[in-house]
$ cat model.tsv   # TSV, C-alpha atoms
chain	number	residue	atom	x	y	z
C	151	MET	CA	22.30	-103.78	113.33
C	152	PRO	CA	25.11	-102.21	115.43
C	153	ARG	CA	25.89	-98.59	114.70
C	154	PRO	CA	29.29	-97.34	113.48
C	155	THR	CA	31.85	-96.57	116.15
C	156	SER	CA	33.00	-93.05	116.97
C	157	ASP	CA	36.28	-93.79	115.17
C	158	VAL	CA	34.48	-93.12	111.87
C	159	GLN	CA	34.22	-89.48	110.83
C	160	ALA	CA	32.27	-87.84	108.02
C	161	PHE	CA	34.37	-86.40	105.19
C	162	GLU	CA	33.79	-84.02	102.31
C	163	ALA	CA	35.92	-83.75	99.19
C	164	HIS	CA	36.63	-80.20	98.07
C	165	ALA	CA	39.54	-79.15	95.92
C	166	THR	CA	40.61	-75.53	96.20
C	167	ASP	CA	39.99	-73.18	93.31
C	168	ALA	CA	43.74	-72.59	93.28
C	169	ASP	CA	44.41	-76.29	92.65
C	170	LEU	CA	41.91	-76.40	89.80
C	171	ASP	CA	43.33	-73.21	88.28
C	172	ASP	CA	46.84	-74.67	88.56
C	173	LEU	CA	45.69	-77.84	86.78
C	174	ARG	CA	44.25	-75.86	83.88
C	175	ALA	CA	47.39	-73.74	83.64
C	176	ARG	CA	49.62	-76.81	83.52
C	177	LEU	CA	47.43	-78.34	80.82
C	178	ALA	CA	47.62	-75.15	78.75
C	179	ALA	CA	51.42	-75.04	79.07
C	180	ALA	CA	52.03	-78.75	78.40
C	181	ARG	CA	54.97	-79.68	76.20
C	182	LEU	CA	53.99	-82.58	73.95
C	183	PRO	CA	56.15	-84.88	71.83
C	184	GLU	CA	55.77	-85.40	68.12
C	185	ALA	CA	53.20	-87.87	66.88
C	186	GLU	CA	53.83	-91.58	67.01
C	187	THR	CA	55.31	-93.23	63.92
C	188	VAL	CA	52.48	-95.79	63.69
C	189	HIS	CA	49.87	-94.28	61.40
C	190	ARG	CA	46.55	-96.06	61.04
C	191	ALA	CA	43.02	-94.82	60.63
C	192	ALA	CA	40.58	-95.26	63.50
C	193	PRO	CA	39.09	-97.51	64.65
C	194	ASP	CA	42.11	-99.78	64.87
C	195	PRO	CA	43.72	-100.96	68.11
C	196	ARG	CA	47.09	-101.01	66.36
C	197	ARG	CA	47.05	-97.20	66.51
C	198	TRP	CA	48.06	-97.66	70.16
C	199	GLU	CA	51.10	-99.86	69.50
C	200	GLN	CA	53.48	-97.13	70.72
C	201	GLY	CA	51.14	-95.87	73.43
C	202	VAL	CA	48.51	-93.14	73.50
C	203	PRO	CA	48.24	-91.51	70.05
C	204	LEU	CA	49.01	-87.79	70.07
C	205	ALA	CA	45.70	-86.77	68.46
C	206	ASP	CA	43.71	-88.70	71.06
C	207	LEU	CA	45.67	-87.20	73.92
C	208	VAL	CA	45.26	-83.66	72.61
C	209	ASP	CA	41.48	-84.13	72.45
C	210	VAL	CA	41.32	-85.30	76.08
C	211	VAL	CA	43.69	-82.57	77.32
C	212	ASN	CA	41.61	-79.87	75.63
C	213	TYR	CA	38.39	-81.22	77.14
C	214	TRP	CA	40.02	-81.62	80.57
C	215	ARG	CA	41.09	-77.96	80.45
C	216	THR	CA	37.92	-76.39	79.03
C	217	GLY	CA	34.93	-78.71	79.50
C	218	TYR	CA	35.40	-81.15	82.37
C	219	ASP	CA	33.57	-80.38	85.65
C	220	TRP	CA	35.33	-81.73	88.75
C	221	ARG	CA	32.79	-80.12	91.09
C	222	SER	CA	30.09	-82.40	89.70
C	223	PHE	CA	32.13	-85.45	90.71
C	224	GLU	CA	32.70	-84.05	94.20
C	225	GLU	CA	28.95	-83.59	94.58
C	226	ARG	CA	28.29	-87.18	93.54
C	227	LEU	CA	30.74	-88.46	96.15
C	228	ASP	CA	29.09	-86.36	98.82
C	229	ARG	CA	25.62	-87.63	97.87
C	230	ILE	CA	26.74	-91.22	98.35
C	231	GLY	CA	28.39	-90.45	101.70
C	232	GLN	CA	32.10	-90.13	102.45
C	233	PHE	CA	33.95	-91.02	105.62
C	234	ARG	CA	37.41	-91.59	107.03
C	235	THR	CA	38.79	-93.69	109.84
C	236	THR	CA	42.30	-94.53	111.07
C	237	ILE	CA	43.49	-98.15	111.00
C	238	ASP	CA	47.05	-99.07	112.02
C	239	ASP	CA	47.94	-95.36	112.09
C	240	LEU	CA	46.81	-94.83	108.51
C	241	GLY	CA	43.79	-92.78	107.51
C	242	ILE	CA	41.41	-94.73	105.28
C	243	HIS	CA	38.79	-92.96	103.14
C	244	PHE	CA	35.65	-94.74	102.00
C	245	LEU	CA	32.19	-94.31	100.56
C	246	HIS	CA	29.32	-95.80	102.55
C	247	ARG	CA	25.77	-96.13	101.27
C	248	ARG	CA	23.32	-97.92	103.54
C	249	SER	CA	20.39	-99.65	101.88
C	250	ALA	CA	16.81	-98.91	102.90
C	251	ARG	CA	16.05	-102.63	102.67
C	252	ALA	CA	15.85	-104.59	105.93
C	253	ASP	CA	17.28	-107.68	104.23
C	254	ALA	CA	20.36	-105.92	102.82
C	255	THR	CA	23.76	-107.60	103.10
C	256	PRO	CA	26.95	-105.65	103.87
C	257	LEU	CA	29.24	-105.56	100.82
C	258	ILE	CA	32.72	-104.14	100.35
C	259	LEU	CA	33.86	-103.22	96.82
C	260	THR	CA	37.61	-102.89	96.26
C	261	HIS	CA	39.15	-101.15	93.26
C	262	GLY	CA	42.59	-101.64	91.72
C	263	TRP	CA	45.10	-99.66	89.66
C	264	PRO	CA	44.73	-97.44	87.67
C	265	GLY	CA	41.23	-97.38	89.06
C	266	SER	CA	39.81	-95.75	92.16
C	267	ILE	CA	36.50	-95.31	93.94
C	268	ALA	CA	35.42	-93.56	90.72
C	269	GLU	CA	34.92	-97.02	89.19
C	270	PHE	CA	31.91	-97.69	91.40
C	271	VAL	CA	30.17	-94.33	91.71
C	272	ASP	CA	27.66	-95.15	88.97
C	273	VAL	CA	26.64	-98.52	90.45
C	274	VAL	CA	26.39	-97.88	94.21
C	275	GLU	CA	22.80	-96.67	94.17
C	276	GLU	CA	21.44	-99.65	92.23
C	277	LEU	CA	23.33	-102.09	94.46
C	278	ALA	CA	21.99	-100.43	97.61
C	279	ASP	CA	18.38	-99.96	96.51
C	280	PRO	CA	17.75	-101.99	93.35
C	281	LYS	CA	14.78	-101.14	91.18
C	282	ASP	CA	13.94	-104.86	91.01
C	283	ALA	CA	12.46	-105.81	94.36
C	284	ASP	CA	13.58	-109.40	93.82
C	285	ALA	CA	17.23	-108.44	93.40
C	286	PRO	CA	19.47	-108.58	96.50
C	287	ALA	CA	20.26	-105.28	98.21
C	288	PHE	CA	23.51	-104.28	99.89
C	289	HIS	CA	24.94	-101.86	102.39
C	290	VAL	CA	27.77	-100.73	100.12
C	291	VAL	CA	31.24	-99.78	101.36
C	292	VAL	CA	33.86	-98.58	98.84
C	293	PRO	CA	37.26	-97.85	100.40
C	294	SER	CA	40.16	-96.05	98.75
C	295	LEU	CA	43.23	-98.25	98.87
C	296	PRO	CA	46.13	-96.98	101.00
C	297	GLY	CA	48.01	-94.41	98.92
C	298	PHE	CA	44.99	-93.84	96.64
C	299	GLY	CA	42.52	-90.96	96.59
C	300	TYR	CA	41.68	-89.50	99.97
C	301	SER	CA	43.25	-92.33	101.96
C	302	ASP	CA	46.60	-91.53	103.55
C	303	LYS	CA	49.89	-92.36	101.86
C	304	PRO	CA	51.88	-94.99	103.80
C	305	ALA	CA	55.18	-93.55	105.04
C	306	THR	CA	56.78	-96.99	105.48
C	307	THR	CA	56.70	-100.31	103.64
C	308	GLY	CA	54.30	-103.06	104.66
C	309	TRP	CA	50.94	-102.04	103.22
C	310	GLY	CA	50.57	-105.00	100.88
C	311	THR	CA	47.41	-106.89	100.01
C	312	GLU	CA	47.47	-109.09	103.14
C	313	LYS	CA	47.57	-106.06	105.44
C	314	ILE	CA	44.94	-104.25	103.39
C	315	ALA	CA	42.58	-107.23	103.65
C	316	ALA	CA	43.00	-107.27	107.43
C	317	ALA	CA	42.31	-103.53	107.50
C	318	TRP	CA	39.09	-104.07	105.53
C	319	VAL	CA	37.88	-106.54	108.16
C	320	GLU	CA	38.56	-103.91	110.82
C	321	LEU	CA	36.82	-101.24	108.73
C	322	MET	CA	33.69	-103.32	108.24
C	323	GLY	CA	33.61	-104.16	111.94
C	324	ARG	CA	33.69	-100.47	112.83
C	325	LEU	CA	30.67	-99.96	110.61
C	326	GLY	CA	28.80	-102.68	112.48
C	327	TYR	CA	29.30	-105.37	109.85
C	328	SER	CA	30.84	-108.39	111.52
C	329	ARG	CA	30.05	-110.54	108.47
C	330	PHE	CA	29.95	-109.30	104.91
C	331	ALA	CA	30.37	-110.14	101.23
C	332	ALA	CA	33.27	-108.84	99.14
C	333	HIS	CA	33.86	-107.97	95.49
C	334	GLY	CA	36.92	-106.81	93.59
C	335	GLY	CA	38.81	-106.74	90.33
C	336	ASP	CA	42.50	-106.12	89.59
C	337	TRP	CA	44.25	-105.48	92.96
C	338	GLY	CA	40.77	-105.45	94.46
C	339	GLY	CA	40.30	-109.01	93.23
C	340	ASN	CA	43.58	-110.01	94.85
C	341	ILE	CA	42.52	-108.41	98.13
C	342	THR	CA	39.07	-110.01	97.87
C	343	THR	CA	40.76	-113.40	97.42
C	344	VAL	CA	42.83	-112.80	100.56
C	345	LEU	CA	39.67	-111.77	102.43
C	346	GLY	CA	37.93	-115.01	101.49
C	347	GLY	CA	40.95	-117.16	102.23
C	348	ARG	CA	42.19	-115.58	105.46
C	349	PHE	CA	38.98	-114.38	107.10
C	350	PRO	CA	36.21	-116.98	106.54
C	351	ALA	CA	34.69	-116.16	109.93
C	352	HIS	CA	33.89	-112.65	108.65
C	353	VAL	CA	33.42	-113.13	104.91
C	354	LEU	CA	30.12	-114.64	103.76
C	355	GLY	CA	31.51	-115.14	100.27
C	356	ILE	CA	33.18	-113.35	97.43
C	357	HIS	CA	32.64	-112.20	93.86
C	358	THR	CA	35.81	-111.53	91.91
C	359	LEU	CA	36.95	-110.65	88.40
C	360	PHE	CA	40.45	-111.82	89.30
C	361	ALA	CA	40.97	-115.53	89.88
C	362	GLU	CA	44.70	-116.12	90.10
C	363	ALA	CA	45.34	-119.84	90.10
C	364	PRO	CA	48.26	-121.43	91.96
C	365	PRO	CA	51.39	-121.56	89.79
C	366	GLY	CA	52.56	-124.52	87.74
C	367	LEU	CA	49.23	-126.06	86.73
C	368	PRO	CA	49.15	-128.13	83.52
C	369	THR	CA	47.11	-127.23	80.45
C	370	ASP	CA	45.90	-130.82	80.04
C	371	GLY	CA	42.12	-130.95	79.91
C	372	LEU	CA	41.61	-127.26	79.13
C	373	THR	CA	39.25	-126.29	76.33
C	374	ALA	CA	40.55	-124.45	73.28
C	375	VAL	CA	39.17	-121.19	74.66
C	376	GLU	CA	40.83	-121.75	78.01
C	377	ARG	CA	44.17	-122.51	76.37
C	378	LYS	CA	43.84	-119.30	74.40
C	379	TRP	CA	43.31	-117.46	77.69
C	380	THR	CA	46.55	-118.87	79.08
C	381	GLU	CA	48.43	-117.88	75.91
C	382	GLU	CA	47.02	-114.35	75.99
C	383	THR	CA	47.89	-113.96	79.67
C	384	ARG	CA	51.43	-115.23	79.07
C	385	ASP	CA	51.81	-112.81	76.13
C	386	PHE	CA	50.55	-109.92	78.24
C	387	TRP	CA	53.06	-110.47	81.03
C	388	ARG	CA	55.93	-111.02	78.61
C	389	HIS	CA	55.32	-108.15	76.20
C	390	ARG	CA	52.83	-105.60	77.58
C	391	ALA	CA	53.47	-105.34	81.31
C	392	ALA	CA	56.31	-102.81	81.40
C	393	TYR	CA	54.12	-100.52	83.53
C	394	ALA	CA	53.86	-103.23	86.22
C	395	LYS	CA	57.58	-103.93	86.25
C	396	GLN	CA	58.32	-100.21	86.49
C	397	GLN	CA	55.92	-99.71	89.39
C	398	ALA	CA	57.04	-102.90	91.12
C	399	THR	CA	60.73	-101.99	90.98
C	400	ARG	CA	61.02	-98.19	90.64
C	401	PRO	CA	57.72	-96.58	91.67
C	402	GLN	CA	59.47	-93.49	92.99
C	403	THR	CA	61.11	-92.78	89.65
C	404	ILE	CA	57.90	-92.84	87.61
C	405	GLY	CA	56.14	-91.15	90.53
C	406	TYR	CA	57.87	-87.82	89.92
C	407	SER	CA	56.31	-87.55	86.47
C	408	LEU	CA	52.91	-88.74	87.67
C	409	VAL	CA	52.73	-86.13	90.44
C	410	ASP	CA	54.34	-83.24	88.52
C	411	SER	CA	52.71	-83.51	85.09
C	412	PRO	CA	48.96	-83.88	84.58
C	413	VAL	CA	49.54	-84.81	80.93
C	414	GLY	CA	52.06	-87.47	81.96
C	415	LEU	CA	49.60	-88.85	84.52
C	416	LEU	CA	46.77	-88.83	81.97
C	417	ALA	CA	48.81	-90.66	79.34
C	418	TRP	CA	50.04	-93.28	81.86
C	419	ILE	CA	46.48	-94.07	82.95
C	420	LEU	CA	44.67	-93.57	79.62
C	421	ASP	CA	46.96	-96.14	78.00
C	422	LYS	CA	45.50	-98.79	80.32
C	423	PHE	CA	41.89	-97.72	79.85
C	424	ALA	CA	42.46	-98.12	76.11
C	425	GLU	CA	44.31	-101.43	76.13
C	426	TRP	CA	42.16	-103.12	78.75
C	427	SER	CA	38.67	-102.11	77.62
C	428	ASP	CA	36.46	-103.97	75.17
C	429	THR	CA	36.94	-101.49	72.33
C	430	GLU	CA	38.58	-101.24	68.92
C	431	GLY	CA	40.06	-97.77	68.62
C	432	SER	CA	39.41	-95.77	71.78
C	433	PRO	CA	38.28	-96.38	75.37
C	434	PHE	CA	35.66	-93.70	74.81
C	435	GLU	CA	33.69	-96.12	72.65
C	436	THR	CA	32.31	-97.55	75.90
C	437	ILE	CA	33.49	-95.25	78.72
C	438	SER	CA	32.65	-91.56	78.83
C	439	MET	CA	35.52	-89.09	78.85
C	440	ASP	CA	34.08	-87.61	82.05
C	441	ARG	CA	34.37	-90.95	83.87
C	442	VAL	CA	38.00	-91.40	82.84
C	443	LEU	CA	38.76	-87.83	83.91
C	444	ASP	CA	36.99	-88.36	87.25
C	445	ASP	CA	39.55	-91.07	87.90
C	446	VAL	CA	42.59	-89.21	86.58
C	447	THR	CA	41.69	-85.94	88.29
C	448	LEU	CA	41.29	-87.75	91.60
C	449	TYR	CA	44.85	-89.03	91.24
C	450	TRP	CA	46.05	-85.53	90.28
C	451	LEU	CA	44.39	-83.52	93.03
C	452	THR	CA	45.39	-85.98	95.76
C	453	ARG	CA	48.97	-86.24	94.41
C	454	THR	CA	48.81	-90.02	94.59
C	455	GLY	CA	50.55	-91.04	91.36
C	456	ALA	CA	53.62	-92.28	93.23
C	457	SER	CA	51.93	-93.64	96.35
C	458	ALA	CA	49.37	-95.60	94.32
C	459	ALA	CA	52.11	-97.09	92.14
C	460	ARG	CA	53.75	-98.53	95.26
C	461	ILE	CA	51.08	-101.21	95.63
C	462	TYR	CA	53.06	-103.02	92.91
C	463	TYR	CA	56.27	-102.68	94.93
C	464	GLU	CA	54.46	-104.06	97.98
C	465	SER	CA	52.50	-106.89	96.41
C	466	HIS	CA	53.54	-107.79	92.86
C	467	ASN	CA	53.44	-111.61	92.52
C	468	SER	CA	52.88	-111.88	96.27
C	469	LEU	CA	49.64	-113.88	96.45
C	470	ASP	CA	50.41	-116.90	98.62
C	471	PRO	CA	50.48	-119.96	96.32
C	472	GLU	CA	49.16	-122.06	99.23
C	473	LEU	CA	46.18	-119.78	99.94
C	474	ARG	CA	42.83	-121.51	99.41
C	475	VAL	CA	39.37	-119.96	99.49
C	476	ASP	CA	36.70	-122.15	101.03
C	477	VAL	CA	33.89	-119.59	101.31
C	478	PRO	CA	31.37	-119.59	98.43
C	479	SER	CA	32.83	-117.80	95.42
C	480	ALA	CA	31.36	-116.31	92.26
C	481	ILE	CA	33.84	-115.55	89.48
C	482	THR	CA	33.31	-113.59	86.27
C	483	MET	CA	35.81	-113.58	83.39
C	484	TYR	CA	35.12	-110.64	81.07
C	485	PRO	CA	36.32	-111.40	77.52
C	486	ARG	CA	38.68	-108.43	77.08
C	487	ASP	CA	40.16	-108.45	80.57
C	488	ILE	CA	43.94	-108.69	80.64
C	489	GLU	CA	44.20	-111.85	82.72
C	490	LYS	CA	41.70	-114.70	82.61
C	491	SER	CA	41.99	-117.95	84.53
C	492	PRO	CA	40.54	-121.23	83.20
C	493	ARG	CA	37.93	-122.65	85.53
C	494	PRO	CA	39.85	-125.89	86.23
C	495	TRP	CA	42.80	-123.79	87.36
C	496	ALA	CA	40.64	-121.42	89.41
C	497	GLN	CA	39.07	-124.39	91.21
C	498	GLU	CA	42.49	-125.28	92.61
C	499	ARG	CA	42.31	-122.12	94.74
C	500	TYR	CA	38.60	-121.27	94.95
C	501	ARG	CA	37.16	-124.55	96.18
C	502	ARG	CA	33.47	-123.58	96.35
C	503	ILE	CA	32.73	-121.86	93.07
C	504	VAL	CA	28.96	-121.45	93.01
C	505	ARG	CA	28.72	-119.34	89.87
C	506	TRP	CA	31.02	-118.84	86.88
C	507	GLY	CA	30.25	-115.94	84.58
C	508	SER	CA	31.53	-115.66	81.00
C	509	PRO	CA	29.97	-112.53	79.45
C	510	GLU	CA	30.16	-111.83	75.75
C	511	VAL	CA	31.26	-108.20	76.21
C	512	GLY	CA	33.32	-106.18	78.66
C	513	GLY	CA	36.89	-105.68	79.70
C	514	HIS	CA	38.91	-104.74	82.76
C	515	PHE	CA	36.58	-101.92	83.84
C	516	PRO	CA	33.08	-103.45	83.53
C	517	SER	CA	31.46	-101.13	86.08
C	518	LEU	CA	32.35	-98.28	83.68
C	519	GLU	CA	32.06	-100.11	80.35
C	520	VAL	CA	28.85	-102.11	80.90
C	521	PRO	CA	27.46	-100.85	84.24
C	522	GLU	CA	23.99	-102.36	83.88
C	523	TYR	CA	25.40	-105.78	83.06
C	524	PHE	CA	28.00	-105.46	85.80
C	525	VAL	CA	25.34	-104.77	88.43
C	526	LYS	CA	23.16	-107.66	87.26
C	527	ASP	CA	26.13	-110.04	87.20
C	528	LEU	CA	27.25	-108.94	90.65
C	529	GLN	CA	23.72	-109.28	92.05
C	530	GLU	CA	23.30	-112.77	90.61
C	531	GLY	CA	26.76	-113.86	91.68
C	532	LEU	CA	26.33	-112.67	95.24
C	533	ALA	CA	22.82	-114.10	95.39
C	534	ALA	CA	24.33	-117.50	94.60
C	535	VAL	CA	27.03	-116.92	97.21
C	536	LEU	CA	24.54	-115.99	99.91
C	537	THR	CA	22.29	-118.93	99.09
C	538	ALA	CA	25.23	-121.30	99.37
C	539	ASN	CA	26.18	-119.77	102.71
C	540	ARG	CA	22.83	-120.49	104.33
$ encode --input "model.tsv" --output "structure tokens"
Amino acid sequence: MPRPTSDVQAFEAHATDADLDDLRARLAAARLPEAETVHRAAPDPRRWEQGVPLADLVDVVNYWRTGYDWRSFEERLDRIGQFRTTIDDLGIHFLHRRSARADATPLILTHGWPGSIAEFVDVVEELADPKDADAPAFHVVVPSLPGFGYSDKPATTGWGTEKIAAAWVELMGRLGYSRFAAHGGDWGGNITTVLGGRFPAHVLGIHTLFAEAPPGLPTDGLTAVERKWTEETRDFWRHRAAYAKQQATRPQTIGYSLVDSPVGLLAWILDKFAEWSDTEGSPFETISMDRVLDDVTLYWLTRTGASAARIYYESHNSLDPELRVDVPSAITMYPRDIEKSPRPWAQERYRRIVRWGSPEVGGHFPSLEVPEYFVKDLQEGLAAVLTANR
């Protein structure tokens, strides 16, 4: 296999003690509002009708200030392997874990918002060197989206999902991977769809949790469950997507709060972990507080609250309705994800679906909620993709 080019440089994450002390001081001095006027006993998702409940936020803030260990997360990133390269004048940060297996397939994993590379830290090792010798192995690449984490913040417009997908092809080529598989959810699923549709000469196949169908398809022929999915998705975009409209139209305005206030940043992100996870009263029923704080602290220390929000300004509702994906595709619809596409609709865009997963548990963040299942599902999905590609 070709070796990486000299354009790729090793990278280490290390926040200064001053930045960590400043974070703790800001948390200690936070000014909080009064409690919400919706009072219900936990567990009950209706406790979150007005947003993050005050008592829940106070618990997380106190742990963030007195118990959370950022250095442990930095060490985990370094153990996987961190790098940076410059593509189209923008520095791109990524994790890269090569498998020891000779039959390993290159794989790029793309996160979304409010996620980050932190979503995949717990699953990289098992994907690269699985305990089951019969499971497929992968050379795993996990880039930080432009404006996220340790990637640079774009100084001009133009870094939408189409440009990001093209940059990922360039990134994988620099690592010696002229052909590769791709996975993503949320914005990562959108980018993975563009990869499969625009770059079939490089993409062996895709696995996605996001299967946006072309617009205007009829509901005739859908099952009762599939019709319920369409109703839930319509309800979400009509009544619970204010965050997306804000970030798509005024990311700079919300960005001041996200970069200046760690409590504001935490509440903005925690609200989504709660609403989009397969839980009843708290995201911490399935996701550890440390994992959520790994993600939030990464946003805080890199000051990327505003720059990450701009992906909505660049790409909201921008997926080309004419784009079709002809490479083999595996699609998984987790039951508590925020947007689920019926298979007949998905087939209008993804024309070689070789595996369709419908788990009984899991939400928008399956690599954090159900990591063992997520790995198994991804392995089986990509195994089907690779078999179909032969």
$ atom_distance --input "model.tsv" --atom1 "CA of Val273 in chain C" --atom2 "CA of Trp450 in chain C"
23.4 Å
$ closest_atom_pairs --input "model.tsv" --of "range 365-462 of chain C" --to "range 295-312 of chain C" --cutoff "9 Å" --atoms "all atoms listed in the file" --output "tab-separated table"
residue	atom	partner	partner_atom	distance
C:Leu448	CA	C:Gly299	CA	6.1
C:Tyr449	CA	C:Gly299	CA	6.1
C:Leu451	CA	C:Gly299	CA	8.5
C:Thr452	CA	C:Gly299	CA	5.8
C:Arg453	CA	C:Gly299	CA	8.3
C:Thr454	CA	C:Phe298	CA	5.8
C:Gly455	CA	C:Phe298	CA	8.2
C:Ala456	CA	C:Gly297	CA	8.3
C:Ser457	CA	C:Gly297	CA	4.8
C:Ala458	CA	C:Gly297	CA	4.9
C:Ala459	CA	C:Gly297	CA	8.4
C:Arg460	CA	C:Gly297	CA	8.0
C:Ile461	CA	C:Gly310	CA	6.5
C:Tyr462	CA	C:Gly310	CA	8.6
$ closest_residue --input "model.tsv" --among "C:Thr429, C:Ser249, C:Ser266, C:Thr358" --to "Asp279 in chain C" --atoms "all atoms listed in the file"
C:Ser249
$ closest_residue --input "model.tsv" --among "C:Ala538, C:Ile488, C:Ala332, C:Val202" --to "Arg502 in chain C" --atoms "all atoms listed in the file"
C:Ala538
$ atom_distance --input "model.tsv" --atom1 "CA of Glu362 in chain C" --atom2 "CA of Phe244 in chain C"
26.1 Å
$ residues_around --input "model.tsv" --residues "Arg181 in chain C" --least-positions-apart "6" --cutoff "12 Å" --atoms "all atoms listed in the file" --output "PyMOL selection string"
chain C and resi 204+208+211+411-414
$ closest_residue --input "model.tsv" --among "C:Pro195, C:Gly507, C:Gly323, C:Pro256" --to "Glu530 in chain C" --atoms "only C-alpha atoms"
C:Gly507
$ closest_residue --input "model.tsv" --among "C:Arg486, C:Leu367, C:His466, C:Leu359" --to "Trp506 in chain C" --atoms "all atoms listed in the file"
C:Leu359
$ residues_around --input "model.tsv" --residues "range 257-259 of chain C" --least-positions-apart "2" --cutoff "9 Å" --atoms "only C-alpha atoms" --output "tab-separated table (two decimals) with C-alpha atoms, in the coordinates of the input"
chain	number	residue	atom	x	y	z
C	255	THR	CA	23.76	-107.60	103.10
C	261	HIS	CA	39.15	-101.15	93.26
C	267	ILE	CA	36.50	-95.31	93.94
C	270	PHE	CA	31.91	-97.69	91.40
C	288	PHE	CA	23.51	-104.28	99.89
C	289	HIS	CA	24.94	-101.86	102.39
C	290	VAL	CA	27.77	-100.73	100.12
C	291	VAL	CA	31.24	-99.78	101.36
C	292	VAL	CA	33.86	-98.58	98.84
C	293	PRO	CA	37.26	-97.85	100.40
C	318	TRP	CA	39.09	-104.07	105.53
C	322	MET	CA	33.69	-103.32	108.24
C	330	PHE	CA	29.95	-109.30	104.91
C	331	ALA	CA	30.37	-110.14	101.23
C	332	ALA	CA	33.27	-108.84	99.14
C	333	HIS	CA	33.86	-107.97	95.49
C	334	GLY	CA	36.92	-106.81	93.59
C	335	GLY	CA	38.81	-106.74	90.33
C	338	GLY	CA	40.77	-105.45	94.46
C	342	THR	CA	39.07	-110.01	97.87
$ atom_distance --input "model.tsv" --atom1 "CA of Val188 in chain C" --atom2 "CA of Gly201 in chain C"
9.8 Å
$ closest_residue --input "model.tsv" --among "C:Glu522, C:Glu382, C:Glu464, C:Glu162" --to "Val274 in chain C" --atoms "only C-alpha atoms"
C:Glu522
$ residues_near_point --input "model.tsv" --point "(43.8, -74.0, 81.4)" --cutoff "12 Å" --atoms "all atoms listed in the file" --output "count of residues only"
22
$ closest_residue --input "model.tsv" --among "C:His243, C:Val535, C:Pro365, C:Phe233" --to "Glu472 in chain C" --atoms "all atoms listed in the file"
C:Pro365
$ decode --input "model.tsv" --residues "range 194-198 of chain C" --atoms "all heavy atoms" --output "JSON list (two decimals), in the first residue's frame"
[["chain", "number", "residue", "atom", "x", "y", "z"],
["C", 194, "ASP", "N", -39.00, 11.33, 32.54],
["C", 194, "ASP", "CA", -40.12, 11.79, 31.73],
["C", 194, "ASP", "C", -39.58, 12.77, 30.70],
["C", 194, "ASP", "O", -39.08, 13.84, 31.07],
["C", 194, "ASP", "CB", -41.17, 12.48, 32.61],
["C", 194, "ASP", "CG", -42.46, 12.78, 31.86],
["C", 194, "ASP", "OD1", -42.38, 12.99, 30.62],
["C", 194, "ASP", "OD2", -43.53, 12.83, 32.49],
["C", 195, "PRO", "N", -39.65, 12.42, 29.41],
["C", 195, "PRO", "CA", -39.08, 13.31, 28.40],
["C", 195, "PRO", "C", -39.75, 14.68, 28.36],
["C", 195, "PRO", "O", -39.16, 15.64, 27.87],
["C", 195, "PRO", "CB", -39.30, 12.54, 27.09],
["C", 195, "PRO", "CG", -40.37, 11.55, 27.38],
["C", 195, "PRO", "CD", -40.22, 11.21, 28.82],
["C", 196, "ARG", "N", -40.97, 14.78, 28.91],
["C", 196, "ARG", "CA", -41.65, 16.07, 28.90],
["C", 196, "ARG", "C", -40.97, 17.07, 29.83],
["C", 196, "ARG", "O", -41.26, 18.27, 29.75],
["C", 196, "ARG", "CB", -43.11, 15.88, 29.28],
["C", 196, "ARG", "CG", -43.92, 15.10, 28.24],
["C", 196, "ARG", "CD", -45.32, 14.83, 28.73],
["C", 196, "ARG", "NE", -45.31, 14.02, 29.95],
["C", 196, "ARG", "CZ", -46.39, 13.75, 30.67],
["C", 196, "ARG", "NH1", -47.56, 14.23, 30.30],
["C", 196, "ARG", "NH2", -46.31, 13.01, 31.76],
["C", 197, "ARG", "N", -40.07, 16.61, 30.71],
["C", 197, "ARG", "CA", -39.31, 17.55, 31.54],
["C", 197, "ARG", "C", -38.49, 18.51, 30.67],
["C", 197, "ARG", "O", -38.12, 19.59, 31.11],
["C", 197, "ARG", "CB", -38.35, 16.79, 32.46],
["C", 197, "ARG", "CG", -38.99, 15.94, 33.52],
["C", 197, "ARG", "CD", -37.97, 15.45, 34.54],
["C", 197, "ARG", "NE", -36.79, 14.87, 33.93],
["C", 197, "ARG", "CZ", -35.55, 15.38, 34.03],
["C", 197, "ARG", "NH1", -35.34, 16.48, 34.70],
["C", 197, "ARG", "NH2", -34.53, 14.76, 33.46],
["C", 198, "TRP", "N", -38.20, 18.09, 29.44],
["C", 198, "TRP", "CA", -37.32, 18.86, 28.55],
["C", 198, "TRP", "C", -38.10, 19.73, 27.57],
["C", 198, "TRP", "O", -37.53, 20.26, 26.62],
["C", 198, "TRP", "CB", -36.41, 17.90, 27.78],
["C", 198, "TRP", "CG", -35.45, 17.14, 28.65],
["C", 198, "TRP", "CD1", -35.75, 16.12, 29.50],
["C", 198, "TRP", "CD2", -34.05, 17.36, 28.76],
["C", 198, "TRP", "NE1", -34.61, 15.67, 30.13],
["C", 198, "TRP", "CE2", -33.56, 16.41, 29.70],
["C", 198, "TRP", "CE3", -33.15, 18.24, 28.16],
["C", 198, "TRP", "CZ2", -32.20, 16.34, 30.04],
["C", 198, "TRP", "CZ3", -31.81, 18.17, 28.50],
["C", 198, "TRP", "CH2", -31.34, 17.23, 29.43]]
